[in-house]
Amino acid sequence: MKQDPETTGVRADKWLWVARFYKTRSLAMEAINGGKVHLNGERIKPARKLAAGDRLTIQKGEYAFAITINALSLQRGPAD
């Protein structure tokens with residue numbers, strides 16, 4: 001049975017890796033545990049399920065990304 005990420009949600013650490021914000025899932029997990037990633041203004045855990053429409057704030061060094069998730073995916077595609 002194929003999993004539909006839109007209905008089941010995707011783990012935060014996996015989505016950050018799939019969306020290419022981090023090179024590895026462990027780096028994404030470290031960022032989440034270190035308080036660098038917030039969902040709707042609150043700290044989260046790596047296993048937190050994300051859904052379309054969620055707002056993430058990601059702090060990477062001196063850069064801060066404020067994004068709204070439009071779609072979820074379970075597969076990491078090419079970097080194009």
# chains A, B, ... in the order shown; residues from 1 in each chain; ligands from 1
call {"tool": "residues_around", "arguments": {"residues": "Ala79 (chain A)", "least_positions_apart": "4", "cutoff": "12 Å", "atoms": "only C-alpha atoms", "output": "mmCIF file with all heavy atoms, in the first residue's frame"}}
result
data_model
loop_
_atom_site.group_PDB
_atom_site.id
_atom_site.type_symbol
_atom_site.label_atom_id
_atom_site.label_comp_id
_atom_site.auth_asym_id
_atom_site.auth_seq_id
_atom_site.Cartn_x
_atom_site.Cartn_y
_atom_site.Cartn_z
ATOM 1 N N TRP A 17 14.993 17.463 5.064
ATOM 2 C CA TRP A 17 16.000 16.828 4.224
ATOM 3 C C TRP A 17 15.497 16.714 2.783
ATOM 4 O O TRP A 17 16.205 17.064 1.841
ATOM 5 C CB TRP A 17 16.338 15.453 4.805
ATOM 6 C CG TRP A 17 17.177 14.613 3.917
ATOM 7 C CD1 TRP A 17 18.503 14.787 3.622
ATOM 8 C CD2 TRP A 17 16.753 13.460 3.188
ATOM 9 N NE1 TRP A 17 18.921 13.812 2.750
ATOM 10 C CE2 TRP A 17 17.864 12.971 2.474
ATOM 11 C CE3 TRP A 17 15.548 12.789 3.074
ATOM 12 C CZ2 TRP A 17 17.801 11.862 1.660
ATOM 13 C CZ3 TRP A 17 15.492 11.667 2.271
ATOM 14 C CH2 TRP A 17 16.600 11.218 1.577
ATOM 15 N N VAL A 18 14.255 16.261 2.599
ATOM 16 C CA VAL A 18 13.670 16.113 1.258
ATOM 17 C C VAL A 18 13.611 17.460 0.549
ATOM 18 O O VAL A 18 13.892 17.556 -0.644
ATOM 19 C CB VAL A 18 12.268 15.464 1.343
ATOM 20 C CG1 VAL A 18 11.517 15.580 0.028
ATOM 21 C CG2 VAL A 18 12.382 14.007 1.757
ATOM 22 N N ALA A 19 13.261 18.515 1.272
ATOM 23 C CA ALA A 19 13.137 19.850 0.681
ATOM 24 C C ALA A 19 14.492 20.539 0.516
ATOM 25 O O ALA A 19 14.558 21.684 0.084
ATOM 26 C CB ALA A 19 12.222 20.711 1.547
ATOM 27 N N ARG A 20 15.566 19.840 0.863
ATOM 28 C CA ARG A 20 16.942 20.286 0.684
ATOM 29 C C ARG A 20 17.351 21.494 1.522
ATOM 30 O O ARG A 20 18.188 22.298 1.129
ATOM 31 C CB ARG A 20 17.246 20.537 -0.792
ATOM 32 C CG ARG A 20 17.144 19.271 -1.615
ATOM 33 C CD ARG A 20 17.681 19.459 -3.015
ATOM 34 N NE ARG A 20 17.721 18.175 -3.705
ATOM 35 C CZ ARG A 20 18.774 17.344 -3.683
ATOM 36 N NH1 ARG A 20 19.845 17.656 -3.013
ATOM 37 N NH2 ARG A 20 18.718 16.197 -4.319
ATOM 38 N N PHE A 21 16.772 21.619 2.708
ATOM 39 C CA PHE A 21 17.254 22.639 3.637
ATOM 40 C C PHE A 21 18.497 22.140 4.361
ATOM 41 O O PHE A 21 19.300 22.928 4.828
ATOM 42 C CB PHE A 21 16.166 23.018 4.642
ATOM 43 C CG PHE A 21 15.129 23.925 4.051
ATOM 44 C CD1 PHE A 21 13.929 23.420 3.579
ATOM 45 C CD2 PHE A 21 15.355 25.280 3.940
ATOM 46 C CE1 PHE A 21 12.979 24.247 3.023
ATOM 47 C CE2 PHE A 21 14.412 26.127 3.378
ATOM 48 C CZ PHE A 21 13.219 25.605 2.925
ATOM 49 N N LYS A 23 21.620 18.775 4.315
ATOM 50 C CA LYS A 23 22.208 17.718 3.497
ATOM 51 C C LYS A 23 21.847 16.324 4.000
ATOM 52 O O LYS A 23 21.819 15.384 3.215
ATOM 53 C CB LYS A 23 23.729 17.847 3.468
ATOM 54 C CG LYS A 23 24.215 18.954 2.586
ATOM 55 C CD LYS A 23 25.721 18.906 2.487
ATOM 56 C CE LYS A 23 26.211 19.983 1.539
ATOM 57 N NZ LYS A 23 27.638 19.887 1.309
#
call {"tool": "select_by_dssp", "arguments": {"residues": "chain A", "states": "strand (DSSP E)", "output": "VMD selection string"}}
result
chain A and resid 10 to 11 37 to 39 42 to 43 49 to 50 55 to 60 63 to 68
call {"tool": "closest_residue", "arguments": {"among": "A:His38, A:Val10, A:Pro78, A:Ala28", "to": "Ile58 (chain A)", "atoms": "only C-alpha atoms"}}
result
A:His38
call {"tool": "select_by_dssp", "arguments": {"residues": "chain A", "states": "alpha helix (DSSP H)", "output": "PyMOL selection string"}}
result
chain A and resi 5-8+12-18+25-33
call {"tool": "closest_residue", "arguments": {"among": "A:Met29, A:Lys36, A:Thr24, A:Asp13", "to": "Gly61 (chain A)", "atoms": "only C-alpha atoms"}}
result
A:Lys36
call {"tool": "residues_around", "arguments": {"residues": "Gly35 (chain A)", "least_positions_apart": "3", "cutoff": "12 Å", "atoms": "only C-alpha atoms", "output": "PyMOL selection string"}}
result
chain A and resi 28-32+38-39+41-46+57-60
call {"tool": "atom_distance", "arguments": {"atom1": "CA of Phe65 (chain A)", "atom2": "CA of Asn33 (chain A)"}}
result
17.2 Å
call {"tool": "closest_residue", "arguments": {"among": "A:Ser73, A:Leu50, A:Thr68, A:Tyr63", "to": "Gly9 (chain A)", "atoms": "only C-alpha atoms"}}
result
A:Leu50
call {"tool": "closest_residue", "arguments": {"among": "A:Ala66, A:Ala71, A:Leu16, A:Leu27", "to": "Ala52 (chain A)", "atoms": "only C-alpha atoms"}}
result
A:Ala71
call {"tool": "closest_residue", "arguments": {"among": "A:Asn40, A:Arg55, A:Gln75, A:Ala12", "to": "Arg25 (chain A)", "atoms": "only C-alpha atoms"}}
result
A:Ala12
call {"tool": "decode", "arguments": {"residues": "region 32-44 of chain A", "atoms": "N, CA and C atoms", "output": "CSV table (one decimal), in the first residue's frame"}}
result
chain,number,residue,atom,x,y,z
A,32,ILE,N,16.6,20.8,14.6
A,32,ILE,CA,15.3,20.9,15.3
A,32,ILE,C,15.5,20.8,16.8
A,33,ASN,N,16.4,19.8,17.2
A,33,ASN,CA,16.7,19.7,18.7
A,33,ASN,C,17.4,20.9,19.3
A,34,GLY,N,18.1,21.6,18.4
A,34,GLY,CA,18.8,22.8,18.9
A,34,GLY,C,18.0,24.0,18.9
A,35,GLY,N,16.7,23.9,18.5
A,35,GLY,CA,15.8,25.1,18.6
A,35,GLY,C,15.9,26.0,17.4
A,36,LYS,N,16.5,25.5,16.3
A,36,LYS,CA,16.6,26.3,15.1
A,36,LYS,C,15.4,26.3,14.1
A,37,VAL,N,14.5,25.3,14.4
A,37,VAL,CA,13.3,25.2,13.6
A,37,VAL,C,12.1,25.3,14.4
A,38,HIS,N,11.2,26.2,14.0
A,38,HIS,CA,9.9,26.4,14.7
A,38,HIS,C,8.7,26.2,13.8
A,39,LEU,N,7.7,25.6,14.3
A,39,LEU,CA,6.5,25.4,13.5
A,39,LEU,C,5.4,26.3,14.1
A,40,ASN,N,4.9,27.2,13.3
A,40,ASN,CA,3.9,28.2,13.8
A,40,ASN,C,4.3,28.9,15.0
A,41,GLY,N,5.6,29.2,15.1
A,41,GLY,CA,6.1,30.0,16.2
A,41,GLY,C,6.5,29.2,17.4
A,42,GLU,N,6.4,27.8,17.4
A,42,GLU,CA,6.7,27.0,18.6
A,42,GLU,C,7.8,26.0,18.2
A,43,ARG,N,8.6,25.6,19.2
A,43,ARG,CA,9.6,24.6,19.0
A,43,ARG,C,9.0,23.3,18.8
A,44,ILE,N,9.6,22.4,18.0
A,44,ILE,CA,9.0,21.1,17.7
A,44,ILE,C,10.1,20.0,17.9
